[in-house]
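Reproduced below: protein-v9.cif, with mmCIF, C-alpha atoms.
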data_protein
loop_
_atom_site.group_PDB
_atom_site.id
_atom_site.type_symbol
_atom_site.label_atom_id
_atom_site.label_comp_id
_atom_site.auth_asym_id
_atom_site.auth_seq_id
_atom_site.Cartn_x
_atom_site.Cartn_y
_atom_site.Cartn_z
ATOM 1 C CA MET D 135 96.878 98.957 92.494
ATOM 2 C CA PRO D 136 99.345 97.965 95.160
ATOM 3 C CA PRO D 137 102.837 99.421 94.861
ATOM 4 C CA VAL D 138 105.518 97.048 93.600
ATOM 5 C CA GLU D 139 107.083 96.906 97.075
ATOM 6 C CA LYS D 140 103.826 95.491 98.444
ATOM 7 C CA HIS D 141 103.918 92.794 95.768
ATOM 8 C CA PHE D 142 107.496 91.942 96.872
ATOM 9 C CA LYS D 143 106.369 91.669 100.494
ATOM 10 C CA THR D 144 103.310 89.556 99.700
ATOM 11 C CA SER D 145 105.378 87.155 97.580
ATOM 12 C CA LEU D 146 108.063 86.926 100.258
ATOM 13 C CA GLU D 147 105.492 86.108 102.944
ATOM 14 C CA LYS D 148 103.839 83.410 100.806
ATOM 15 C CA THR D 149 106.810 81.798 99.103
ATOM 16 C CA GLY D 150 109.982 82.988 100.798
ATOM 17 C CA LYS D 151 110.954 84.762 97.551
ATOM 18 C CA GLU D 152 110.212 88.323 96.389
ATOM 19 C CA TYR D 153 110.002 87.575 92.655
ATOM 20 C CA LYS D 154 111.374 91.048 91.962
ATOM 21 C CA GLU D 155 111.960 90.256 88.287
ATOM 22 C CA VAL D 156 108.283 89.427 87.748
ATOM 23 C CA HIS D 157 106.856 92.361 89.686
ATOM 24 C CA GLU D 158 109.336 94.864 88.275
ATOM 25 C CA TRP D 159 108.634 93.607 84.741
ATOM 26 C CA MET D 160 104.923 94.163 85.321
ATOM 27 C CA ASP D 161 105.085 97.540 87.088
ATOM 28 C CA GLY D 162 108.548 98.943 86.372
ATOM 29 C CA ASP D 163 107.943 100.615 83.011
ATOM 30 C CA PRO D 164 105.038 103.093 83.256
ATOM 31 C CA GLU D 165 104.625 103.095 79.469
ATOM 32 C CA LYS D 166 104.157 99.307 79.362
ATOM 33 C CA LYS D 167 102.380 98.789 82.687
ATOM 34 C CA ALA D 168 98.834 98.708 81.266
ATOM 35 C CA GLU D 169 99.901 96.381 78.440
ATOM 36 C CA ARG D 170 101.512 93.976 80.914
ATOM 37 C CA HIS D 171 98.340 93.906 83.018
ATOM 38 C CA ASN D 172 96.178 93.130 79.986
ATOM 39 C CA LEU D 173 94.222 90.034 80.981
ATOM 40 C CA THR D 174 93.755 89.001 77.346
ATOM 41 C CA ARG D 175 97.538 88.499 77.144
ATOM 42 C CA MET D 176 97.757 86.457 80.351
ATOM 43 C CA TYR D 177 98.403 83.190 78.537
ATOM 44 C CA GLU D 178 101.144 84.681 76.361
ATOM 45 C CA TYR D 179 102.874 86.525 79.191
ATOM 46 C CA GLY D 180 102.348 83.639 81.597
ATOM 47 C CA ARG D 181 104.171 81.242 79.287
ATOM 48 C CA MET D 182 106.994 83.744 78.914
ATOM 49 C CA ILE D 183 107.302 84.161 82.703
ATOM 50 C CA GLU D 184 107.198 80.400 83.246
ATOM 51 C CA ASP D 185 109.853 79.793 80.578
ATOM 52 C CA GLN D 186 112.175 82.409 82.106
ATOM 53 C CA TYR D 187 111.582 81.967 85.842
ATOM 54 C CA GLY D 188 109.645 78.730 86.426
ATOM 55 C CA LYS D 189 106.187 77.567 87.510
ATOM 56 C CA GLU D 190 106.250 79.295 90.896
ATOM 57 C CA ALA D 191 107.006 82.622 89.194
ATOM 58 C CA LEU D 192 104.033 82.003 86.906
ATOM 59 C CA GLN D 193 101.852 81.660 90.019
ATOM 60 C CA GLU D 194 103.239 84.956 91.324
ATOM 61 C CA TYR D 195 102.439 86.627 87.995
ATOM 62 C CA ILE D 196 98.844 85.379 88.221
ATOM 63 C CA GLN D 197 98.644 86.437 91.880
ATOM 64 C CA HIS D 198 99.952 89.899 90.945
ATOM 65 C CA LEU D 199 97.170 90.257 88.389
ATOM 66 C CA HIS D 200 94.601 89.006 90.919
ATOM 67 C CA ASP D 201 95.784 91.456 93.580
ATOM 68 C CA ASP D 202 95.710 94.381 91.144
ATOM 69 C CA VAL D 203 92.225 93.553 89.823
ATOM 70 C CA LYS D 204 90.925 93.246 93.382
ATOM 71 C CA ALA D 205 92.551 96.526 94.449
ATOM 72 C CA LYS D 206 91.221 98.381 91.417
ATOM 73 C CA PHE D 207 87.640 97.216 91.871
ATOM 74 C CA THR D 208 87.765 97.819 95.634
ATOM 75 C CA HIS D 209 88.855 101.387 94.906
ATOM 76 C CA ILE D 210 86.028 101.824 92.387
ATOM 77 C CA GLN D 211 83.528 100.438 94.898
ATOM 78 C CA HIS D 212 84.648 102.889 97.602
ATOM 79 C CA ASP D 213 84.477 105.795 95.145
ATOM 80 C CA LEU D 214 80.964 104.764 94.107
ATOM 81 C CA GLU D 215 79.777 104.410 97.700
ATOM 82 C CA LYS D 216 81.155 107.867 98.527
ATOM 83 C CA ALA D 217 79.531 109.402 95.440
ATOM 84 C CA ILE D 218 76.164 107.881 96.375
ATOM 85 C CA ALA D 219 76.448 109.071 99.981
ATOM 86 C CA ASP D 220 77.456 112.574 98.838
ATOM 87 C CA THR D 221 74.557 112.701 96.374
ATOM 88 C CA LEU D 222 72.043 111.542 98.971
ATOM 89 C CA ALA D 223 73.368 114.128 101.431
ATOM 90 C CA TYR D 224 73.169 116.850 98.789
ATOM 91 C CA PHE D 225 69.506 116.112 98.269
ATOM 92 C CA GLY D 226 68.859 115.824 102.016
ATOM 93 C CA VAL D 227 67.965 112.152 101.827
ATOM 94 C CA LYS D 228 70.752 110.830 104.019
#

For this file, produce the structure as structure tokens.
Amino acid sequence: MPPVEKHFKTSLEKTGKEYKEVHEWMDGDPEKKAERHNLTRMYEYGRMIEDQYGKEALQEYIQHLHDDVKAKFTHIQHDLEKAIADTLAYFGVK
């Protein structure tokens, strides 16, 4: 998943604001990071973010989740492609 600083930069480029409070809340506490990225709690956390920081912050929260899901699955895809290539090479098929 992208580092929190990348989330700041992306938000700043799109909105003119970093939304540090949102991104630090999501990524700042390693013990709560997975819980705060739990997609089944998106509605609950989204309402909380919107109540505290407004509608635009809610959009940044959703974008943060989107960016992290995309990064995670892209990483998995690259790992899978490498594993397949390595396996094919091992068996002389490549």

Let me know the centre plus edge lengths, in Å and rounded to one decimal, of a box with edges along x, y and z that contains all listed atoms of segment 172-188 of chain D and is padded by 3 Å on every side, as AutoDock Vina command-line options.
--center_x 103.0 --center_y 85.9 --center_z 81.4 --size_x 24.4 --size_y 20.4 --size_z 16.1

Thr149 of chain D surroundings by all atoms listed in the file, 12 Å radius, close-in-sequence under 6 positions cut, as a ChimeraX atom specification
/D:141-143,190-191,193-194,197

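Each of D:His209, D:Asp220, D:Val138, D:Lys228 was checked against Asp163 of chain D using all atoms listed in the file; the smallest atom-to-atom distance is that of D:Val138.
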
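When you apply the PyMOL selection byres ((chain D and resi 158) around 12) to this structure, what comes back is Pro137, Val138, Glu139, Lys140, His141, Phe142, Glu152, Tyr153, Lys154, Glu155, Val156, His157, Trp159, Met160, Asp161, Gly162, Asp163, Pro164, Lys166, Lys167, Arg170, Tyr195 and His198 of chain D.
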
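Note that the spacing between atom CA of Phe207 of chain D and atom CA of Leu173 of chain D amounts to 14.6 Å.
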
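Across the model, the gap from atom CA of Ala205 of chain D to atom CA of Glu184 of chain D is 24.5 Å.
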
Which one is closest to Leu192 of chain D: D:Tyr177, D:His212, D:Phe225, D:Lys206? Count all atoms listed in the file.
D:Tyr177

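Between atom CA of Tyr179 of chain D and atom CA of Gln211 of chain D lies a distance of 28.5 Å.
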